[in-house]
Structure formats: structure tokens, C-alpha cells
$ cat final32.cif   # mmCIF, C-alpha atoms and all ligand atoms; chains and numbers go by the auth columns
data_my_file
loop_
_atom_site.group_PDB
_atom_site.id
_atom_site.type_symbol
_atom_site.label_atom_id
_atom_site.label_comp_id
_atom_site.label_asym_id
_atom_site.label_seq_id
_atom_site.Cartn_x
_atom_site.Cartn_y
_atom_site.Cartn_z
_atom_site.B_iso_or_equiv
_atom_site.auth_seq_id
_atom_site.auth_asym_id
ATOM 1 C CA MET A 1 -80.937 146.282 162.268 0.00 1 A
ATOM 2 C CA ARG A 2 -81.778 149.803 161.080 0.00 2 A
ATOM 3 C CA VAL A 3 -78.117 150.873 161.261 0.00 3 A
ATOM 4 C CA VAL A 4 -76.708 147.848 159.429 0.00 4 A
ATOM 5 C CA LEU A 5 -79.422 147.938 156.789 0.00 5 A
ATOM 6 C CA ALA A 6 -78.985 151.688 156.196 0.00 6 A
ATOM 7 C CA ASP A 7 -75.242 151.183 155.859 0.00 7 A
ATOM 8 C CA ARG A 8 -75.741 148.461 153.219 0.00 8 A
ATOM 9 C CA ILE A 9 -78.244 150.590 151.294 0.00 9 A
ATOM 10 C CA GLY A 10 -76.166 153.767 151.654 0.00 10 A
ATOM 11 C CA VAL A 11 -78.771 155.969 153.376 0.00 11 A
ATOM 12 C CA LEU A 12 -79.267 157.511 156.821 0.00 12 A
ATOM 13 C CA PRO A 13 -80.716 155.095 159.403 0.00 13 A
ATOM 14 C CA LEU A 14 -83.574 157.414 160.349 0.00 14 A
ATOM 15 C CA SER A 15 -84.683 157.663 156.712 0.00 15 A
ATOM 16 C CA LEU A 16 -85.733 153.991 156.679 0.00 16 A
ATOM 17 C CA ARG A 17 -89.450 153.271 156.997 0.00 17 A
ATOM 18 C CA PHE A 18 -90.785 149.786 157.654 0.00 18 A
ATOM 19 C CA GLU A 19 -94.088 148.078 157.034 0.00 19 A
ATOM 20 C CA SER A 20 -95.239 144.568 157.955 0.00 20 A
ATOM 21 C CA GLY A 21 -96.570 141.741 155.812 0.00 21 A
ATOM 22 C CA PRO A 22 -99.798 139.933 156.793 0.00 22 A
ATOM 23 C CA HIS A 23 -97.938 137.746 159.335 0.00 23 A
ATOM 24 C CA GLY A 24 -95.577 140.438 160.572 0.00 24 A
ATOM 25 C CA LYS A 25 -92.623 140.110 158.178 0.00 25 A
ATOM 26 C CA PRO A 26 -90.935 143.537 158.123 0.00 26 A
ATOM 27 C CA MET A 27 -90.276 145.104 154.718 0.00 27 A
ATOM 28 C CA LEU A 28 -88.893 148.449 153.581 0.00 28 A
ATOM 29 C CA GLN A 29 -91.244 151.160 152.414 0.00 29 A
ATOM 30 C CA GLY A 30 -90.551 154.071 150.079 0.00 30 A
ATOM 31 C CA ALA A 31 -89.464 154.813 146.533 0.00 31 A
ATOM 32 C CA GLY A 32 -86.455 152.756 145.477 0.00 32 A
ATOM 33 C CA ARG A 33 -86.309 150.987 148.841 0.00 33 A
ATOM 34 C CA GLU A 34 -88.850 148.218 148.167 0.00 34 A
ATOM 35 C CA ARG A 35 -86.342 146.289 146.082 0.00 35 A
ATOM 36 C CA TRP A 36 -84.191 145.650 149.163 0.00 36 A
ATOM 37 C CA ARG A 37 -84.880 142.363 150.860 0.00 37 A
ATOM 38 C CA PHE A 38 -83.862 141.543 154.417 0.00 38 A
ATOM 39 C CA ASN A 39 -84.693 139.283 157.317 0.00 39 A
ATOM 40 C CA LEU A 40 -83.580 139.246 160.932 0.00 40 A
ATOM 41 C CA ALA A 41 -83.217 136.564 163.590 0.00 41 A
ATOM 42 C CA HIS A 42 -82.042 136.852 167.165 0.00 42 A
ATOM 43 C CA SER A 43 -81.165 134.413 169.885 0.00 43 A
ATOM 44 C CA ARG A 44 -79.991 135.541 173.313 0.00 44 A
ATOM 45 C CA GLN A 45 -77.422 138.349 172.713 0.00 45 A
ATOM 46 C CA LEU A 46 -76.843 137.542 169.040 0.00 46 A
ATOM 47 C CA ALA A 47 -78.558 138.756 165.927 0.00 47 A
ATOM 48 C CA VAL A 48 -78.150 137.813 162.296 0.00 48 A
ATOM 49 C CA LEU A 49 -79.407 139.873 159.380 0.00 49 A
ATOM 50 C CA ALA A 50 -79.734 138.712 155.758 0.00 50 A
ATOM 51 C CA VAL A 51 -79.784 141.449 153.093 0.00 51 A
ATOM 52 C CA SER A 52 -80.185 141.401 149.313 0.00 52 A
ATOM 53 C CA ASP A 53 -80.705 144.119 146.698 0.00 53 A
ATOM 54 C CA ASP A 54 -82.394 141.657 144.339 0.00 54 A
ATOM 55 C CA PRO A 55 -86.162 142.236 144.295 0.00 55 A
ATOM 56 C CA ALA A 56 -86.772 138.796 142.761 0.00 56 A
ATOM 57 C CA VAL A 57 -85.799 137.026 145.991 0.00 57 A
ATOM 58 C CA ASP A 58 -87.355 136.564 149.416 0.00 58 A
ATOM 59 C CA LEU A 59 -85.047 135.972 152.375 0.00 59 A
ATOM 60 C CA GLY A 60 -85.595 134.047 155.569 0.00 60 A
ATOM 61 C CA ILE A 61 -83.003 133.539 158.276 0.00 61 A
ATOM 62 C CA ASP A 62 -83.061 131.738 161.598 0.00 62 A
ATOM 63 C CA LEU A 63 -80.585 131.371 164.444 0.00 63 A
ATOM 64 C CA GLU A 64 -80.803 129.035 167.424 0.00 64 A
ATOM 65 C CA TRP A 65 -78.739 128.398 170.518 0.00 65 A
ATOM 66 C CA LEU A 66 -77.641 124.749 170.507 0.00 66 A
ATOM 67 C CA HIS A 67 -78.083 124.376 174.272 0.00 67 A
ATOM 68 C CA ARG A 68 -81.758 125.273 174.156 0.00 68 A
ATOM 69 C CA ARG A 69 -83.887 122.583 175.815 0.00 69 A
ATOM 70 C CA VAL A 70 -85.507 120.309 173.256 0.00 70 A
ATOM 71 C CA SER A 71 -88.357 118.151 174.573 0.00 71 A
ATOM 72 C CA SER A 72 -89.777 115.082 172.856 0.00 72 A
ATOM 73 C CA ASP A 73 -93.081 116.966 172.585 0.00 73 A
ATOM 74 C CA LEU A 74 -91.369 119.772 170.659 0.00 74 A
ATOM 75 C CA ILE A 75 -89.759 117.262 168.278 0.00 75 A
ATOM 76 C CA ARG A 76 -93.070 115.424 167.814 0.00 76 A
ATOM 77 C CA GLY A 77 -94.996 118.616 167.122 0.00 77 A
ATOM 78 C CA ALA A 78 -92.516 120.169 164.702 0.00 78 A
ATOM 79 C CA THR A 79 -91.478 117.224 162.537 0.00 79 A
ATOM 80 C CA ALA A 80 -92.967 114.921 159.928 0.00 80 A
ATOM 81 C CA ALA A 81 -92.885 111.134 160.399 0.00 81 A
ATOM 82 C CA GLU A 82 -89.912 110.630 158.058 0.00 82 A
ATOM 83 C CA GLU A 83 -87.873 113.324 159.838 0.00 83 A
ATOM 84 C CA ARG A 84 -88.658 111.708 163.199 0.00 84 A
ATOM 85 C CA ALA A 85 -87.613 108.304 161.833 0.00 85 A
ATOM 86 C CA PHE A 86 -84.141 109.781 161.299 0.00 86 A
ATOM 87 C CA LEU A 87 -84.016 111.646 164.636 0.00 87 A
ATOM 88 C CA VAL A 88 -85.116 108.745 166.863 0.00 88 A
ATOM 89 C CA ASN A 89 -82.193 106.630 165.687 0.00 89 A
ATOM 90 C CA LEU A 90 -79.648 109.206 166.837 0.00 90 A
ATOM 91 C CA PRO A 91 -77.939 109.108 170.228 0.00 91 A
ATOM 92 C CA PRO A 92 -79.812 111.499 172.549 0.00 92 A
ATOM 93 C CA ALA A 93 -76.734 113.733 172.822 0.00 93 A
ATOM 94 C CA SER A 94 -76.762 114.590 169.108 0.00 94 A
ATOM 95 C CA ARG A 95 -80.528 114.406 168.555 0.00 95 A
ATOM 96 C CA ALA A 96 -81.136 117.889 169.967 0.00 96 A
ATOM 97 C CA ALA A 97 -78.452 119.447 167.740 0.00 97 A
ATOM 98 C CA TRP A 98 -79.840 117.755 164.621 0.00 98 A
ATOM 99 C CA PHE A 99 -83.334 118.835 165.560 0.00 99 A
ATOM 100 C CA LEU A 100 -82.271 122.461 166.131 0.00 100 A
ATOM 101 C CA ARG A 101 -80.558 122.550 162.735 0.00 101 A
ATOM 102 C CA LEU A 102 -83.706 121.126 161.155 0.00 102 A
ATOM 103 C CA TRP A 103 -85.789 123.696 163.069 0.00 103 A
ATOM 104 C CA THR A 104 -83.709 126.608 161.693 0.00 104 A
ATOM 105 C CA GLN A 105 -84.160 125.158 158.196 0.00 105 A
ATOM 106 C CA LYS A 106 -87.926 124.942 158.576 0.00 106 A
ATOM 107 C CA GLU A 107 -88.249 128.353 160.196 0.00 107 A
ATOM 108 C CA SER A 108 -86.022 130.042 157.612 0.00 108 A
ATOM 109 C CA VAL A 109 -88.270 128.662 154.849 0.00 109 A
ATOM 110 C CA LEU A 110 -91.376 129.959 156.648 0.00 110 A
ATOM 111 C CA LYS A 111 -89.709 133.323 157.241 0.00 111 A
ATOM 112 C CA ALA A 112 -88.653 133.586 153.570 0.00 112 A
ATOM 113 C CA ASP A 113 -92.296 133.173 152.621 0.00 113 A
ATOM 114 C CA GLY A 114 -93.426 135.518 155.392 0.00 114 A
ATOM 115 C CA ALA A 115 -95.988 133.053 156.761 0.00 115 A
ATOM 116 C CA GLY A 116 -93.871 132.422 159.855 0.00 116 A
ATOM 117 C CA LEU A 117 -95.409 130.046 162.367 0.00 117 A
ATOM 118 C CA SER A 118 -98.903 130.563 160.921 0.00 118 A
ATOM 119 C CA VAL A 119 -97.880 127.445 158.926 0.00 119 A
ATOM 120 C CA PRO A 120 -97.051 124.432 161.118 0.00 120 A
ATOM 121 C CA PRO A 121 -93.315 123.652 160.823 0.00 121 A
ATOM 122 C CA ALA A 122 -94.181 119.937 160.577 0.00 122 A
ATOM 123 C CA GLU A 123 -95.621 120.676 157.105 0.00 123 A
ATOM 124 C CA VAL A 124 -92.220 121.869 155.829 0.00 124 A
ATOM 125 C CA VAL A 125 -90.448 118.564 155.303 0.00 125 A
ATOM 126 C CA PHE A 126 -86.747 117.902 154.696 0.00 126 A
ATOM 127 C CA ASP A 127 -84.903 114.828 153.497 0.00 127 A
ATOM 128 C CA MET A 128 -82.644 113.880 156.364 0.00 128 A
ATOM 129 C CA PRO A 129 -79.683 114.073 156.758 0.00 129 A
ATOM 130 C CA HIS A 130 -79.118 115.945 153.479 0.00 130 A
ATOM 131 C CA ALA A 131 -81.283 118.915 154.344 0.00 131 A
ATOM 132 C CA ARG A 132 -82.997 118.932 150.951 0.00 132 A
ATOM 133 C CA LEU A 133 -86.440 120.478 151.081 0.00 133 A
ATOM 134 C CA ARG A 134 -88.818 117.667 150.141 0.00 134 A
ATOM 135 C CA ARG A 135 -92.292 119.155 150.429 0.00 135 A
ATOM 136 C CA LEU A 136 -94.240 122.206 151.476 0.00 136 A
ATOM 137 C CA PRO A 137 -97.888 123.191 151.841 0.00 137 A
ATOM 138 C CA SER A 138 -99.021 124.232 148.358 0.00 138 A
ATOM 139 C CA ARG A 139 -99.727 127.819 149.491 0.00 139 A
ATOM 140 C CA LEU A 140 -95.966 128.344 149.843 0.00 140 A
ATOM 141 C CA GLY A 141 -95.350 127.439 146.177 0.00 141 A
ATOM 142 C CA SER A 142 -92.835 125.011 144.747 0.00 142 A
ATOM 143 C CA ALA A 143 -90.076 123.521 146.926 0.00 143 A
ATOM 144 C CA GLU A 144 -87.700 124.018 143.976 0.00 144 A
ATOM 145 C CA ALA A 145 -87.873 127.801 144.339 0.00 145 A
ATOM 146 C CA PHE A 146 -86.345 127.601 147.847 0.00 146 A
ATOM 147 C CA ALA A 147 -82.563 127.330 148.332 0.00 147 A
ATOM 148 C CA VAL A 148 -81.676 126.420 151.920 0.00 148 A
ATOM 149 C CA HIS A 149 -78.134 127.178 153.116 0.00 149 A
ATOM 150 C CA ASP A 150 -76.320 126.456 156.368 0.00 150 A
ATOM 151 C CA VAL A 151 -74.557 129.685 157.307 0.00 151 A
ATOM 152 C CA SER A 152 -71.708 130.085 159.759 0.00 152 A
ATOM 153 C CA ALA A 153 -72.804 130.931 163.281 0.00 153 A
ATOM 154 C CA PRO A 154 -70.829 131.651 166.458 0.00 154 A
ATOM 155 C CA PRO A 155 -69.847 128.615 168.566 0.00 155 A
ATOM 156 C CA GLY A 156 -72.828 126.974 170.222 0.00 156 A
ATOM 157 C CA HIS A 157 -75.285 128.265 167.623 0.00 157 A
ATOM 158 C CA VAL A 158 -76.746 127.105 164.333 0.00 158 A
ATOM 159 C CA ALA A 159 -78.116 129.308 161.554 0.00 159 A
ATOM 160 C CA THR A 160 -79.855 128.766 158.237 0.00 160 A
ATOM 161 C CA LEU A 161 -80.535 131.172 155.376 0.00 161 A
ATOM 162 C CA THR A 162 -83.283 130.447 152.869 0.00 162 A
ATOM 163 C CA VAL A 163 -83.571 132.299 149.570 0.00 163 A
ATOM 164 C CA ARG A 164 -86.751 131.953 147.555 0.00 164 A
ATOM 165 C CA ASP A 165 -85.932 132.989 144.034 0.00 165 A
ATOM 166 C CA ARG A 166 -88.728 133.102 141.513 0.00 166 A
ATOM 167 C CA TRP A 167 -86.133 132.484 138.740 0.00 167 A
ATOM 168 C CA ARG A 168 -84.438 129.632 140.661 0.00 168 A
ATOM 169 C CA ARG A 169 -80.933 130.968 139.969 0.00 169 A
ATOM 170 C CA PRO A 170 -77.814 129.842 141.812 0.00 170 A
ATOM 171 C CA ILE A 171 -77.083 132.349 144.567 0.00 171 A
ATOM 172 C CA ALA A 172 -73.933 133.700 146.185 0.00 172 A
ATOM 173 C CA VAL A 173 -73.892 134.120 149.982 0.00 173 A
ATOM 174 C CA ARG A 174 -71.336 136.407 151.634 0.00 174 A
ATOM 175 C CA SER A 175 -70.834 136.800 155.379 0.00 175 A
ATOM 176 C CA ALA A 176 -69.919 140.004 157.163 0.00 176 A
ATOM 177 C CA THR A 177 -69.377 140.371 160.899 0.00 177 A
ATOM 178 C CA GLU A 178 -70.040 143.677 162.631 0.00 178 A
HETATM 179 C C1 LIG B . -91.607 135.190 162.636 0.00 201 A
HETATM 180 C C2 LIG B . -91.447 134.143 163.692 0.00 201 A
HETATM 181 C C3 LIG B . -91.233 132.799 162.984 0.00 201 A
HETATM 182 C C4 LIG B . -90.249 134.553 164.534 0.00 201 A
HETATM 183 O O1 LIG B . -89.760 133.544 165.318 0.00 201 A
HETATM 184 P P1 LIG B . -88.710 133.709 166.538 0.00 201 A
HETATM 185 O O2 LIG B . -87.910 132.447 166.543 0.00 201 A
HETATM 186 O O3 LIG B . -89.459 134.111 167.731 0.00 201 A
HETATM 187 O O4 LIG B . -87.792 134.936 166.197 0.00 201 A
HETATM 188 P P2 LIG B . -86.566 135.129 165.187 0.00 201 A
HETATM 189 O O5 LIG B . -85.428 135.631 165.979 0.00 201 A
HETATM 190 O O6 LIG B . -86.333 133.946 164.305 0.00 201 A
HETATM 191 O O7 LIG B . -87.098 136.296 164.205 0.00 201 A
HETATM 192 C C5 LIG B . -87.622 137.487 164.705 0.00 201 A
HETATM 193 C C6 LIG B . -87.633 138.491 163.579 0.00 201 A
HETATM 194 O O8 LIG B . -88.251 137.953 162.409 0.00 201 A
HETATM 195 C C7 LIG B . -88.893 139.010 161.693 0.00 201 A
HETATM 196 N N1 LIG B . -90.266 138.559 161.463 0.00 201 A
HETATM 197 C C8 LIG B . -91.384 138.791 162.186 0.00 201 A
HETATM 198 N N2 LIG B . -92.445 138.183 161.611 0.00 201 A
HETATM 199 C C9 LIG B . -91.974 137.573 160.490 0.00 201 A
HETATM 200 C C10 LIG B . -92.585 136.779 159.473 0.00 201 A
HETATM 201 N N3 LIG B . -93.884 136.482 159.471 0.00 201 A
HETATM 202 N N4 LIG B . -91.800 136.305 158.468 0.00 201 A
HETATM 203 C C11 LIG B . -90.482 136.586 158.449 0.00 201 A
HETATM 204 N N5 LIG B . -89.842 137.327 159.386 0.00 201 A
HETATM 205 C C12 LIG B . -90.587 137.803 160.394 0.00 201 A
HETATM 206 C C13 LIG B . -88.805 140.263 162.543 0.00 201 A
HETATM 207 O O9 LIG B . -87.733 141.044 162.033 0.00 201 A
HETATM 208 C C14 LIG B . -88.445 139.709 163.912 0.00 201 A
HETATM 209 O O10 LIG B . -87.649 140.606 164.633 0.00 201 A
HETATM 210 P P3 LIG B . -88.262 141.357 165.917 0.00 201 A
HETATM 211 O O11 LIG B . -88.684 140.244 166.844 0.00 201 A
HETATM 212 O O12 LIG B . -87.120 142.145 166.454 0.00 201 A
HETATM 213 O O13 LIG B . -89.401 142.154 165.398 0.00 201 A
HETATM 214 C C15 LIG B . -92.707 134.001 164.586 0.00 201 A
HETATM 215 O O14 LIG B . -92.719 135.023 165.540 0.00 201 A
HETATM 216 C C16 LIG B . -93.988 134.063 163.784 0.00 201 A
HETATM 217 O O15 LIG B . -94.329 133.171 163.062 0.00 201 A
HETATM 218 N N6 LIG B . -94.735 135.129 163.850 0.00 201 A
HETATM 219 C C17 LIG B . -95.927 135.291 162.981 0.00 201 A
HETATM 220 C C18 LIG B . -97.161 135.408 163.811 0.00 201 A
HETATM 221 C C19 LIG B . -97.979 134.168 163.754 0.00 201 A
HETATM 222 O O16 LIG B . -98.572 133.821 162.753 0.00 201 A
HETATM 223 N N7 LIG B . -97.973 133.465 164.889 0.00 201 A
HETATM 224 C C20 LIG B . -98.587 132.212 165.034 0.00 201 A
HETATM 225 C C21 LIG B . -98.204 131.722 166.414 0.00 201 A
HETATM 226 S S1 LIG B . -98.379 129.986 166.526 0.00 201 A
#
$ encode --input "final32.cif" --output "C-alpha cells" --more "lines below"
Ligand SMILES: CC(C)(COP(=O)(O)OP(=O)(O)OC[C@H]1O[C@@H](n2cnc3c(N)ncnc32)[C@H](O)[C@@H]1OP(=O)(O)O)[C@@H](O)C(=O)NCCC(=O)NCCS
Amino acid sequence: MRVVLADRIGVLPLSLRFESGPHGKPMLQGAGRERWRFNLAHSRQLAVLAVSDDPAVDLGIDLEWLHRRVSSDLIRGATAAEERAFLVNLPPASRAAWFLRLWTQKESVLKADGAGLSVPPAEVVFDMPHARLRRLPSRLGSAEAFAVHDVSAPPGHVATLTVRDRWRRPIAVRSATE
């Protein structure tokens, strides 16, 4: 992460200093560096890093392996009633994949805010199957400030990027593979 981030910023990797938000979200420290926004997710041997030089945004990214075991208890604990109403009507074979996509959407929203799993994912509610963010706990602000994007992931994985933009502008997402 340090190497890729330093390359994007145009500085030496060892010059980067990190600090953590109240729930552990890493941020850059130091003059001129605070404007850079980034967020990391990893799953097995893969990692994905979101980076922006726009200080008005917060980034959250999540990556999951689609063959991860998904129990009914996990689905029950992490979803709202209306999300479950959609999931229970799916054939079991596709239910896990839909749930894991929904999970990356919820977690990327919570990571954009920085609250992480200190907020129950069941309180971040999406309209299914359109993946529109419907409601959030009020301490995370307005749902309209969050733009949730599916991003391409290697086969067998699913990834979501969330950008919280206080100005609610349209955003451009570019992918780079290292
Ligand atoms: C952040 C969190 C959602 C990560 O979930 P995960 O699926 O295990 O891991 P991911 O691969 O998606 O992301 C890990 C990266 O997210 C970043 N991260 C850590 N805390 C973060 C936060 N609060 N917000 C955003 N990003 C965070 C770090 O870069 C971390 O990388 P590292 O593990 O190499 O340090 C989860 O660990 C969390 O919520 N932590 C906060 C602590 C907390 O309140 N825990 C309550 C437990 S119920």
C-alpha cells in the first residue's frame, strides 16, 4: 500500500506517515499530504486500493471472495428485512453471491465514513436489486452524499467502491492494475 500510494503521490515510500481515525481508518499525516484520500481492502492474496487527491471526498473500498461460506445467521445479522425479502426468493446457488455483493456495498459505505463495523451493517440499507443506498444511521449523514460503485474485480471476487462527496458531484473512477 505504501509503495503504490507513494507512487501516486510522487514521493518516496518511506516519507509517508500514517495516523488512524477513531475506528482505525488509516489517513496520511503531514503538510500537503492530508488532502490525499485512500482506502484499502484485502481478501486472501489480493488487495485493492482506492486513491483520490480530492480532499472533499471520503473513500471506502471492500473486496470479497465469492466462495466464502455464507451462513443464514450471517445473512440474518447483516441485512434489513427488505433486503432479506429479496435474498430469500433467490435460488440458494445465487443467494450467497448477491449477499456478498451487498456486503461489499455496506462495508464500503462504512469504510468511507470510517466507522467500520462499529455501525451494524444491517443499518446500512440498500434497495435490491438496484444497489441504491436507501437509508443510513443519521450519524453517517445523508445517503445522497454516498455514491456506491461496483468496480471490476478478478474472477471469483466482488468489489465495491464508495465515495462520500460533501458536494455530491458526479465522480470518475479509473482502474489500474499493478
Ligand atoms: C475496517 C473493517 C470494516 C475492515 O474489515 P475487513 O473486511 O476485515 O478488512 P478489509 O480488507 O475490508 O479492510 C482492511 C483495511 O481497511 C482499513 N481500515 C481499518 N479500519 C478502518 C475503518 N474504520 N474505516 C475504513 N478503513 C479501515 C485498513 O487499511 C485495513 O487494512 P489493514 O488490515 O492492512 O490494516 C473492520 O475491521 C472494522 O470495522 N474495524 C473497526 C473496529 C471496530 O469498530 N470493530 C468493531 C468490531 S464488531
$ closest_residue --input "final32.cif" --among "A:Arg2, A:Arg139, A:Arg168, A:Arg134" --to "ligand LIG 201 (chain A)" --atoms "all atoms listed in the file"
A:Arg2
$ closest_residue --input "final32.cif" --among "A:Phe18, A:Phe38, A:Phe99, A:Trp65" --to "Val4 in chain A" --atoms "only C-alpha atoms"
A:Phe38
$ axis_aligned_box --input "final32.cif" --around "ligand LIG 201 (chain A)" --padding-each-side "8 Å" --output "AutoDock Vina command-line options"
--center_x -92.0 --center_y 136.1 --center_z 163.1 --size_x 29.2 --size_y 28.2 --size_z 25.3
$ residues_around --input "final32.cif" --residues "Val148 in chain A" --least-positions-apart "3" --cutoff "8 Å" --atoms "only C-alpha atoms" --output "ChimeraX atom specification"
/A:105,109,131-133,160-163
$ residues_near_ligand --input "final32.cif" --ligand "ligand LIG 201 (chain A)" --cutoff "8 Å" --atoms "all atoms listed in the file" --output "number ranges by chain"
A: 20-26, 39-43, 47, 60-64, 107-108, 110-120
$ residues_near_point --input "final32.cif" --point "(-92.5, 118.9, 169.5)" --cutoff "12 Å" --atoms "all atoms listed in the file" --output "list of chain:residue names"
A:Arg69, A:Val70, A:Ser71, A:Ser72, A:Asp73, A:Leu74, A:Ile75, A:Arg76, A:Gly77, A:Ala78, A:Thr79, A:Ala80, A:Ala81, A:Arg84, A:Ala96, A:Phe99, A:Leu100, A:Trp103, A:Pro120, A:Pro121, A:Ala122
$ resolve_selection --input "final32.cif" --expression "the PyMOL selection byres (((chain A and resi 36) around 7) and not hetatm)" --output "tab-separated table (two decimals) with C-alpha atoms, in the coordinates of the input"
chain	number	residue	atom	x	y	z
A	33	ARG	CA	-86.31	150.99	148.84
A	34	GLU	CA	-88.85	148.22	148.17
A	35	ARG	CA	-86.34	146.29	146.08
A	37	ARG	CA	-84.88	142.36	150.86
A	38	PHE	CA	-83.86	141.54	154.42
A	52	SER	CA	-80.18	141.40	149.31
A	53	ASP	CA	-80.70	144.12	146.70
A	54	ASP	CA	-82.39	141.66	144.34
A	55	PRO	CA	-86.16	142.24	144.29
$ closest_residue --input "final32.cif" --among "A:Leu140, A:Leu14, A:Leu90, A:Leu66" --to "Gly156 in chain A" --atoms "all atoms listed in the file"
A:Leu66
$ atom_distance --input "final32.cif" --atom1 "CA of Arg101 in chain A" --atom2 "CA of Ala159 in chain A"
7.3 Å
$ atom_distance --input "final32.cif" --atom1 "CA of Ala85 in chain A" --atom2 "CA of Pro154 in chain A"
29.1 Å
$ residues_near_point --input "final32.cif" --point "(-74.8, 141.6, 160.3)" --cutoff "10 Å" --atoms "all atoms listed in the file" --output "CSV table (one decimal) with C-alpha atoms, keeping the file's coordinate frame"
chain,number,residue,atom,x,y,z
A,1,MET,CA,-80.9,146.3,162.3
A,3,VAL,CA,-78.1,150.9,161.3
A,4,VAL,CA,-76.7,147.8,159.4
A,5,LEU,CA,-79.4,147.9,156.8
A,8,ARG,CA,-75.7,148.5,153.2
A,40,LEU,CA,-83.6,139.2,160.9
A,46,LEU,CA,-76.8,137.5,169.0
A,47,ALA,CA,-78.6,138.8,165.9
A,48,VAL,CA,-78.2,137.8,162.3
A,49,LEU,CA,-79.4,139.9,159.4
A,50,ALA,CA,-79.7,138.7,155.8
A,51,VAL,CA,-79.8,141.4,153.1
A,175,SER,CA,-70.8,136.8,155.4
A,176,ALA,CA,-69.9,140.0,157.2
A,177,THR,CA,-69.4,140.4,160.9
A,178,GLU,CA,-70.0,143.7,162.6
$ residues_around --input "final32.cif" --residues "Arg169 in chain A" --least-positions-apart "3" --cutoff "12 Å" --atoms "only C-alpha atoms" --output "mmCIF file with C-alpha atoms, in the coordinates of the input"
data_model
loop_
_atom_site.group_PDB
_atom_site.id
_atom_site.type_symbol
_atom_site.label_atom_id
_atom_site.label_comp_id
_atom_site.auth_asym_id
_atom_site.auth_seq_id
_atom_site.Cartn_x
_atom_site.Cartn_y
_atom_site.Cartn_z
ATOM 1 C CA ASP A 54 -82.394 141.657 144.339
ATOM 2 C CA ALA A 56 -86.772 138.796 142.761
ATOM 3 C CA VAL A 57 -85.799 137.026 145.991
ATOM 4 C CA GLU A 144 -87.700 124.018 143.976
ATOM 5 C CA ALA A 145 -87.873 127.801 144.339
ATOM 6 C CA PHE A 146 -86.345 127.601 147.847
ATOM 7 C CA ALA A 147 -82.563 127.330 148.332
ATOM 8 C CA VAL A 163 -83.571 132.299 149.570
ATOM 9 C CA ARG A 164 -86.751 131.953 147.555
ATOM 10 C CA ASP A 165 -85.932 132.989 144.034
ATOM 11 C CA ARG A 166 -88.728 133.102 141.513
ATOM 12 C CA ALA A 172 -73.933 133.700 146.185
#
$ atom_distance --input "final32.cif" --atom1 "CA of Leu136 in chain A" --atom2 "CA of Glu83 in chain A"
13.8 Å
$ closest_residue --input "final32.cif" --among "A:Lys106, A:Val125, A:Arg68, A:Pro91" --to "His157 in chain A" --atoms "all atoms listed in the file"
A:Arg68
$ closest_residue --input "final32.cif" --among "A:Ile171, A:Met128, A:Ala97, A:Val11" --to "Gly32 in chain A" --atoms "only C-alpha atoms"
A:Val11
$ decode --input "final32.cif" --residues "range 130-150 of chain A" --atoms "C-alpha atoms" --output "compact mmCIF listing (two decimals), in the first residue's frame"
# COMPACT_ATOMS: atom_id res chain seq x y z
CA HIS A 130 -30.58 -1.90 -7.87
CA ALA A 131 -27.99 -1.32 -5.19
CA ARG A 132 -29.26 2.18 -4.41
CA LEU A 133 -28.46 3.24 -0.87
CA ARG A 134 -31.84 3.70 0.81
CA ARG A 135 -31.05 4.61 4.40
CA LEU A 136 -28.28 5.01 6.93
CA PRO A 137 -27.99 5.73 10.64
CA SER A 138 -28.21 9.51 10.98
CA ARG A 139 -24.66 9.75 12.40
CA LEU A 140 -23.32 8.83 8.95
CA GLY A 141 -25.07 11.81 7.32
CA SER A 142 -27.25 11.85 4.23
CA ALA A 143 -27.49 8.80 1.95
CA GLU A 144 -27.37 11.21 -1.01
CA ALA A 145 -23.75 12.11 -0.27
CA PHE A 146 -22.66 8.49 -0.87
CA ALA A 147 -22.02 7.19 -4.41
CA VAL A 148 -21.69 3.40 -4.47
CA HIS A 149 -19.94 1.81 -7.46
CA ASP A 150 -19.35 -1.79 -8.47
